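Engineer: Mind having a look at this structure? Questions to follow.
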Amino acid sequence: MHMKRRYIVFLFTLFSAGSYAQNEFTLSEQLFSRININPASSGNSENINLFNTSRLQWAGFTGAPKTTMLNVHSYLKDISSGIGATFSYDALGLAYNTLNAKIAYSYHVDLWDKGLLSLGASAGVLSKSFDPSVHTLVDPDDTEMGTEPFSETRPDFDFGLEFSTEYVMIGGSILHLGQLQMTTLKSIQSYYGYVRGRFPVNNDIMITPSVLYMNSGQTNKVEINATAFYQGKYWFGLGYRTGSALTALVGLEWEWLRVGYAYELGMGDVINFNNNTHELMLSFIIPTKTKKKK
């Protein structure tokens, strides 16, 4: 079988039989900005936060999956609320694309000094499309992928909560509310849960271990990570995603700019492919006069 044909058949298999695994993309630097998986985290600092990350999965493989995500959010003191917006574009191979755009809102309750509970919801649209015309088949009579493009856009809703203190943060959310059956053009209701600690070692070093769990249809993922921050400006972390990848994170923060890079060494079923994954994060902070507990 010609290499191009093998590639097409592989993508089709990944797209159809393996679509549960691709229902939700997972980012190595997810906990730096979370409103796309939990609207309750919007407005969790006193500044306007803009967060962008770009992810290239299986670098070196033709048609490798690519993901771009942009989050922006801030806090409104007068109504004790956070507002934000999130946009993501996920390209699985050459033909299958997912676009998700939502507005997020959260209400913040100060339980005690440095204790905060947030309840959040988001609403927007989820659009999925498949266009086989971008492929060139070696065998023109091979129609197993279908020959006509198709797409669908539907409303999309999420709900979540987040509780944080000086040393621990706990969050949970439900994405794609009411979507109880997954099809080619529909995502299934998904569940996230995470815990992140914050433990000072000395005046310069802070350790932040975290655990994130995701259930998406028939797929369960757990990610364990530990990141060390030095003087609040530099960080290095290591992580493991069950059956999927080993991760290394590095980054720095300077005044209004935060830059991060993650490298993933793939594991599991795609280990025979060139499956190294790269992720670049850029985050901008616009100071405001509003003061709020972090």
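Ordering of the structure tokens sets the chain letters (A, B, ...); residue numbers start at 1 within each chain; ligands are numbered from 1 in the order shown.
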Output as a VMD selection string all residues of segment 30-253 of chain A that backbone DSSP marks as strand (DSSP E or B).
Structural biologist: chain A and resid 48 to 56 66 to 76 81 to 92 96 to 112 115 to 130 150 to 164 168 to 175 183 186 190 to 197 199 to 200 205 to 216 219 to 230 234 to 241 245 to 253
Engineer: Residues of segment 73-259 of chain A in helix (DSSP H, G or I) according to DSSP, as a ChimeraX atom specification?
Structural biologist: /A:77-79,132-134
Engineer: Take atom CA of Tyr89 of chain A and atom CA of Ala245 of chain A and report the distance between them in Å, one decimal.
Structural biologist: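 Rounded to one decimal, the two atoms are 21.6 Å apart.
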Engineer: Identify, on the basis of only C-alpha atoms, every residue whose closest approach to segment 112-115 of chain A does not exceed 12 Å; exclude the query and any residue fewer than 2 positions from it along the same chain; express the result as a list in words.
Structural biologist: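 Near segment 112-115 of chain A, the qualifying residues are His108, Val109, Asp110, Leu117, Ser118, Glu162, Phe163, Ser164, Thr165, Glu166, Tyr167, Val168, Met169, Ile170, Lys292, Lys293 and Lys294 of chain A.
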Engineer: Would you save the residues of that selection, restricted to C-alpha atoms, as a CSV table (one decimal), in the first residue's frame?
Structural biologist:
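Final output, saved to out.csv:
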chain,number,residue,atom,x,y,z
A,108,HIS,CA,-17.3,34.8,43.3
A,109,VAL,CA,-18.1,34.2,47.0
A,110,ASP,CA,-15.5,35.2,49.7
A,117,LEU,CA,-15.7,29.8,45.9
A,118,SER,CA,-16.6,30.5,42.3
A,162,GLU,CA,-13.8,26.2,41.8
A,163,PHE,CA,-12.7,26.5,45.4
A,164,SER,CA,-9.3,28.0,46.3
A,165,THR,CA,-7.3,28.9,49.4
A,166,GLU,CA,-3.8,30.1,49.9
A,167,TYR,CA,-2.4,26.6,49.5
A,168,VAL,CA,-4.9,24.5,47.5
A,169,MET,CA,-7.2,24.9,44.5
A,170,ILE,CA,-10.0,22.4,43.7
A,292,LYS,CA,-8.9,41.1,44.4
A,293,LYS,CA,-7.6,38.1,46.3
A,294,LYS,CA,-5.7,35.7,44.0
Engineer: Leaving out Pro155 of chain A and any residue of its chain fewer than 2 positions from it, which residues lie within 12 Å of it when counting only C-alpha atoms, given as a ChimeraX atom specification?
Structural biologist: /A:99-103,122-128,152-153,157-158,175-179,186-187
Engineer: Let me see the file: selected residues, C-alpha atoms, as an mmCIF file, in the first residue's frame.
Structural biologist:
data_model
loop_
_atom_site.group_PDB
_atom_site.id
_atom_site.type_symbol
_atom_site.label_atom_id
_atom_site.label_comp_id
_atom_site.auth_asym_id
_atom_site.auth_seq_id
_atom_site.Cartn_x
_atom_site.Cartn_y
_atom_site.Cartn_z
ATOM 1 C CA LEU A 99 -14.106 25.205 16.374
ATOM 2 C CA ASN A 100 -15.398 26.143 19.830
ATOM 3 C CA ALA A 101 -16.196 29.733 20.883
ATOM 4 C CA LYS A 102 -17.828 30.654 24.203
ATOM 5 C CA ILE A 103 -18.490 33.496 26.631
ATOM 6 C CA SER A 122 -20.368 29.437 29.670
ATOM 7 C CA ALA A 123 -22.361 29.465 26.451
ATOM 8 C CA GLY A 124 -21.410 29.540 22.797
ATOM 9 C CA VAL A 125 -21.157 27.395 19.707
ATOM 10 C CA LEU A 126 -19.372 24.191 18.767
ATOM 11 C CA SER A 127 -18.741 23.607 15.068
ATOM 12 C CA LYS A 128 -17.334 20.409 13.560
ATOM 13 C CA GLU A 152 -22.626 21.092 11.736
ATOM 14 C CA THR A 153 -22.782 23.963 14.245
ATOM 15 C CA PHE A 157 -22.948 25.013 27.302
ATOM 16 C CA ASP A 158 -20.651 24.325 30.260
ATOM 17 C CA LEU A 175 -18.705 20.426 29.347
ATOM 18 C CA HIS A 176 -21.199 20.101 26.463
ATOM 19 C CA LEU A 177 -24.195 19.894 28.781
ATOM 20 C CA GLY A 178 -26.966 17.629 27.516
ATOM 21 C CA GLN A 179 -24.899 16.020 24.734
ATOM 22 C CA LYS A 186 -21.244 15.977 18.002
ATOM 23 C CA SER A 187 -19.105 16.029 21.133
#
Engineer: Leaving out Thr86 of chain A and any residue of its chain fewer than 3 positions from it, which residues lie within 10 Å of it when counting only C-alpha atoms, given as a tab-separated table (two decimals) with N, CA and C atoms, in the first residue's frame?
Structural biologist:
chain	number	residue	atom	x	y	z
A	34	ARG	N	-7.74	28.25	32.58
A	34	ARG	CA	-8.63	27.09	32.59
A	34	ARG	C	-10.03	27.37	32.10
A	35	ILE	N	-10.35	28.58	31.66
A	35	ILE	CA	-11.76	28.90	31.44
A	35	ILE	C	-12.37	28.09	30.30
A	36	ASN	N	-11.54	27.49	29.43
A	36	ASN	CA	-12.11	26.65	28.38
A	36	ASN	C	-12.58	25.30	28.92
A	37	ILE	N	-12.06	24.86	30.08
A	37	ILE	CA	-12.54	23.62	30.70
A	37	ILE	C	-13.34	23.88	31.97
A	39	PRO	N	-15.55	27.34	33.39
A	39	PRO	CA	-15.87	28.78	33.37
A	39	PRO	C	-15.79	29.43	34.75
A	50	LEU	N	-4.79	37.68	29.15
A	50	LEU	CA	-4.90	37.13	27.80
A	50	LEU	C	-3.95	35.95	27.69
A	51	PHE	N	-4.46	34.83	27.27
A	51	PHE	CA	-3.70	33.59	27.26
A	51	PHE	C	-3.84	32.92	25.90
A	52	ASN	N	-2.71	32.60	25.30
A	52	ASN	CA	-2.72	31.92	24.00
A	52	ASN	C	-1.76	30.74	24.04
A	69	MET	N	-5.56	27.89	20.98
A	69	MET	CA	-6.56	28.31	21.95
A	69	MET	C	-6.24	29.72	22.44
A	70	LEU	N	-7.28	30.54	22.61
A	70	LEU	CA	-7.14	31.90	23.11
A	70	LEU	C	-8.18	32.11	24.21
A	71	ASN	N	-7.71	32.53	25.39
A	71	ASN	CA	-8.60	32.86	26.51
A	71	ASN	C	-8.36	34.31	26.92
A	72	VAL	N	-9.42	35.00	27.31
A	72	VAL	CA	-9.30	36.33	27.90
A	72	VAL	C	-10.36	36.45	29.00
A	73	HIS	N	-9.96	36.99	30.15
A	73	HIS	CA	-10.93	37.13	31.24
A	73	HIS	C	-10.46	38.20	32.22
A	100	ASN	N	-14.57	25.95	18.64
A	100	ASN	CA	-15.40	26.14	19.83
A	100	ASN	C	-15.19	27.57	20.33
A	101	ALA	N	-16.27	28.34	20.42
A	101	ALA	CA	-16.20	29.73	20.88
A	101	ALA	C	-17.28	29.95	21.93
A	102	LYS	N	-16.88	30.50	23.10
A	102	LYS	CA	-17.83	30.65	24.20
A	102	LYS	C	-17.54	31.91	25.01
A	103	ILE	N	-18.60	32.43	25.64
A	103	ILE	CA	-18.49	33.50	26.63
A	103	ILE	C	-18.69	32.88	28.01
A	104	ALA	N	-17.83	33.25	28.96
A	104	ALA	CA	-17.87	32.65	30.29
A	104	ALA	C	-18.23	33.70	31.35
A	122	SER	N	-20.75	28.86	30.95
A	122	SER	CA	-20.37	29.44	29.67
A	122	SER	C	-21.32	28.96	28.59
A	124	GLY	N	-21.96	29.16	24.10
A	124	GLY	CA	-21.41	29.54	22.80
A	124	GLY	C	-21.79	28.54	21.74
Engineer: Hey, what's within 12 Å of Val211 of chain A if we count only C-alpha atoms and toss same-chain stuff fewer than 6 positions away? As a PyMOL selection string, please?
Structural biologist: chain A and resi 28+30-31+168-172+192-197+221-227+239-242
Engineer: For those residues, write C-alpha atoms to a file as a PDB file, in the first residue's frame.
Structural biologist:
ATOM      1  CA  SER A  28       0.106  20.390  29.016  1.00  0.00           C
ATOM      2  CA  GLN A  30      -3.890  23.803  30.931  1.00  0.00           C
ATOM      3  CA  LEU A  31      -3.925  24.906  34.575  1.00  0.00           C
ATOM      4  CA  VAL A 168      -4.871  24.537  47.461  1.00  0.00           C
ATOM      5  CA  MET A 169      -7.227  24.873  44.499  1.00  0.00           C
ATOM      6  CA  ILE A 170      -9.985  22.374  43.669  1.00  0.00           C
ATOM      7  CA  GLY A 171     -12.189  22.532  40.577  1.00  0.00           C
ATOM      8  CA  GLY A 172     -14.751  20.518  38.675  1.00  0.00           C
ATOM      9  CA  TYR A 192     -13.192  17.506  34.445  1.00  0.00           C
ATOM     10  CA  GLY A 193     -11.816  17.498  37.955  1.00  0.00           C
ATOM     11  CA  TYR A 194      -8.516  18.875  39.247  1.00  0.00           C
ATOM     12  CA  VAL A 195      -6.556  19.643  42.392  1.00  0.00           C
ATOM     13  CA  ARG A 196      -3.535  21.913  42.549  1.00  0.00           C
ATOM     14  CA  GLY A 197      -1.371  22.592  45.602  1.00  0.00           C
ATOM     15  CA  LYS A 221      -7.390  10.472  31.286  1.00  0.00           C
ATOM     16  CA  VAL A 222      -5.370  11.372  34.365  1.00  0.00           C
ATOM     17  CA  GLU A 223      -2.509  13.867  34.304  1.00  0.00           C
ATOM     18  CA  ILE A 224      -0.067  14.200  37.194  1.00  0.00           C
ATOM     19  CA  ASN A 225       2.285  17.164  37.247  1.00  0.00           C
ATOM     20  CA  ALA A 226       4.710  18.909  39.608  1.00  0.00           C
ATOM     21  CA  THR A 227       6.103  22.356  38.826  1.00  0.00           C
ATOM     22  CA  GLY A 239       4.232  15.467  34.144  1.00  0.00           C
ATOM     23  CA  TYR A 240       2.712  12.171  33.104  1.00  0.00           C
ATOM     24  CA  ARG A 241      -0.573  11.615  31.245  1.00  0.00           C
ATOM     25  CA  THR A 242      -1.800   8.050  31.613  1.00  0.00           C
TER      26      THR A 242
END
Engineer: Need the shell around Leu56 of chain A: protein/DNA/RNA residues with any atom at most 7 Å away, counting only C-alpha atoms. Skip same-chain ones fewer than 3 positions apart. Format as a list in words?
Structural biologist: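 In the requested format, the answer is Ala59, Ala64, Pro65, Lys66, Thr67, Thr277, His278 and Glu279 of chain A.
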Engineer: Could you write those residues out with all heavy atoms, as a PDB file, in the first residue's frame?
Structural biologist:
ATOM      1  N   ALA A  59       4.843  15.979  15.790  1.00  0.00           N
ATOM      2  CA  ALA A  59       5.634  16.809  14.875  1.00  0.00           C
ATOM      3  C   ALA A  59       6.422  15.939  13.901  1.00  0.00           C
ATOM      4  O   ALA A  59       7.003  14.929  14.268  1.00  0.00           O
ATOM      5  CB  ALA A  59       6.585  17.691  15.671  1.00  0.00           C
ATOM      6  N   ALA A  64      -0.193  16.442  10.845  1.00  0.00           N
ATOM      7  CA  ALA A  64      -0.224  16.278  12.296  1.00  0.00           C
ATOM      8  C   ALA A  64      -1.301  17.178  12.921  1.00  0.00           C
ATOM      9  O   ALA A  64      -1.513  18.301  12.471  1.00  0.00           O
ATOM     10  CB  ALA A  64       1.140  16.629  12.882  1.00  0.00           C
ATOM     11  N   PRO A  65      -1.989  16.688  13.974  1.00  0.00           N
ATOM     12  CA  PRO A  65      -3.015  17.502  14.635  1.00  0.00           C
ATOM     13  C   PRO A  65      -2.440  18.803  15.185  1.00  0.00           C
ATOM     14  O   PRO A  65      -1.341  18.823  15.736  1.00  0.00           O
ATOM     15  CB  PRO A  65      -3.493  16.589  15.772  1.00  0.00           C
ATOM     16  CG  PRO A  65      -3.212  15.202  15.285  1.00  0.00           C
ATOM     17  CD  PRO A  65      -1.933  15.324  14.515  1.00  0.00           C
ATOM     18  N   LYS A  66      -3.192  19.882  15.028  1.00  0.00           N
ATOM     19  CA  LYS A  66      -2.778  21.197  15.517  1.00  0.00           C
ATOM     20  C   LYS A  66      -3.928  21.810  16.318  1.00  0.00           C
ATOM     21  O   LYS A  66      -5.092  21.699  15.930  1.00  0.00           O
ATOM     22  CB  LYS A  66      -2.425  22.140  14.357  1.00  0.00           C
ATOM     23  CG  LYS A  66      -1.300  21.637  13.461  1.00  0.00           C
ATOM     24  CD  LYS A  66      -1.052  22.608  12.325  1.00  0.00           C
ATOM     25  CE  LYS A  66       0.037  22.139  11.385  1.00  0.00           C
ATOM     26  NZ  LYS A  66      -0.368  20.910  10.646  1.00  0.00           N
ATOM     27  N   THR A  67      -3.581  22.472  17.409  1.00  0.00           N
ATOM     28  CA  THR A  67      -4.581  23.114  18.258  1.00  0.00           C
ATOM     29  C   THR A  67      -4.132  24.530  18.587  1.00  0.00           C
ATOM     30  O   THR A  67      -2.967  24.755  18.913  1.00  0.00           O
ATOM     31  CB  THR A  67      -4.785  22.331  19.569  1.00  0.00           C
ATOM     32  OG1 THR A  67      -5.225  21.003  19.267  1.00  0.00           O
ATOM     33  CG2 THR A  67      -5.817  23.011  20.453  1.00  0.00           C
ATOM     34  N   THR A 277       5.571  16.033  20.609  1.00  0.00           N
ATOM     35  CA  THR A 277       4.573  17.099  20.601  1.00  0.00           C
ATOM     36  C   THR A 277       5.153  18.346  21.248  1.00  0.00           C
ATOM     37  O   THR A 277       5.819  18.269  22.288  1.00  0.00           O
ATOM     38  CB  THR A 277       3.309  16.645  21.345  1.00  0.00           C
ATOM     39  OG1 THR A 277       2.722  15.544  20.657  1.00  0.00           O
ATOM     40  CG2 THR A 277       2.287  17.773  21.428  1.00  0.00           C
ATOM     41  N   HIS A 278       4.890  19.511  20.637  1.00  0.00           N
ATOM     42  CA  HIS A 278       5.403  20.785  21.128  1.00  0.00           C
ATOM     43  C   HIS A 278       4.226  21.721  21.428  1.00  0.00           C
ATOM     44  O   HIS A 278       3.233  21.748  20.698  1.00  0.00           O
ATOM     45  CB  HIS A 278       6.321  21.429  20.092  1.00  0.00           C
ATOM     46  CG  HIS A 278       7.428  20.529  19.640  1.00  0.00           C
ATOM     47  ND1 HIS A 278       8.635  20.440  20.301  1.00  0.00           N
ATOM     48  CD2 HIS A 278       7.513  19.659  18.589  1.00  0.00           C
ATOM     49  CE1 HIS A 278       9.414  19.561  19.684  1.00  0.00           C
ATOM     50  NE2 HIS A 278       8.752  19.076  18.645  1.00  0.00           N
ATOM     51  N   GLU A 279       4.395  22.512  22.484  1.00  0.00           N
ATOM     52  CA  GLU A 279       3.335  23.436  22.883  1.00  0.00           C
ATOM     53  C   GLU A 279       3.969  24.754  23.339  1.00  0.00           C
ATOM     54  O   GLU A 279       4.871  24.758  24.183  1.00  0.00           O
ATOM     55  CB  GLU A 279       2.530  22.809  24.020  1.00  0.00           C
ATOM     56  CG  GLU A 279       1.245  23.520  24.362  1.00  0.00           C
ATOM     57  CD  GLU A 279       0.463  22.740  25.413  1.00  0.00           C
ATOM     58  OE1 GLU A 279       0.170  21.550  25.183  1.00  0.00           O
ATOM     59  OE2 GLU A 279       0.196  23.297  26.477  1.00  0.00           O
TER      60      GLU A 279
END
Engineer: Determine the nearest neighbour of Gln57 of chain A from the options A:Val201, A:Leu238, A:Ala40, A:Ala91, counting only C-alpha atoms.
Structural biologist: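 Comparing A:Val201, A:Leu238, A:Ala40, A:Ala91 against Gln57 of chain A, the winner is A:Ala91.
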Engineer: Which value, in Å to one decimal, gives the distance between atom CA of Leu27 of chain A and atom CA of Asn47 of chain A?
Structural biologist: 23.0 Å
Engineer: Determine the nearest neighbour of Trp254 of chain A from the options A:Asp131, A:Lys233, A:Ala95, A:Gly266, counting only C-alpha atoms.
Structural biologist: A:Lys233
Engineer: At what distance in Å, to one decimal, does atom CA of Ser151 of chain A lie from atom CA of Phe130 of chain A?
Structural biologist: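 Atom CA of Phe130 of chain A sits 6.2 Å away from atom CA of Ser151 of chain A.
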Engineer: Could you give me, as CSV, a per-residue list for segment 100-186 of chain A showing, wherever an atom lies at most 8 Å from an atom of segment 42-46 of chain A, the closest pair of atoms and their distance in Å to one decimal, using only C-alpha atoms and sorting by chain then residue number from low to high?
Structural biologist:
residue,atom,partner,partner_atom,distance
A:Ala104,CA,A:Ser42,CA,6.9
A:Tyr105,CA,A:Ser42,CA,6.7
A:Ser106,CA,A:Ser42,CA,6.2
A:Gly120,CA,A:Ser42,CA,7.8
Engineer: Those residues with C-alpha atoms, as a PDB file, in the first residue's frame please?
Structural biologist:
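Saved as part_4.pdb:
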ATOM      1  CA  ALA A 104     -17.868  32.653  30.295  1.00  0.00           C
ATOM      2  CA  TYR A 105     -19.302  34.103  33.505  1.00  0.00           C
ATOM      3  CA  SER A 106     -18.544  33.307  37.157  1.00  0.00           C
ATOM      4  CA  GLY A 120     -19.446  29.591  36.570  1.00  0.00           C
TER       5      GLY A 120
END
Engineer: Which residue, A:Gly160, A:Phe25, A:Arg55, A:Leu111, has the smallest gap to Thr98 of chain A when you use only C-alpha atoms?
Structural biologist: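 When distances to Thr98 of chain A are compared using only C-alpha atoms, the smallest one comes from A:Phe25.
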Engineer: With distances taken over only C-alpha atoms, which of A:Gly217, A:Gln231, A:Ile207, A:Ser54 is nearest to Tyr261 of chain A?
Structural biologist: A:Ser54
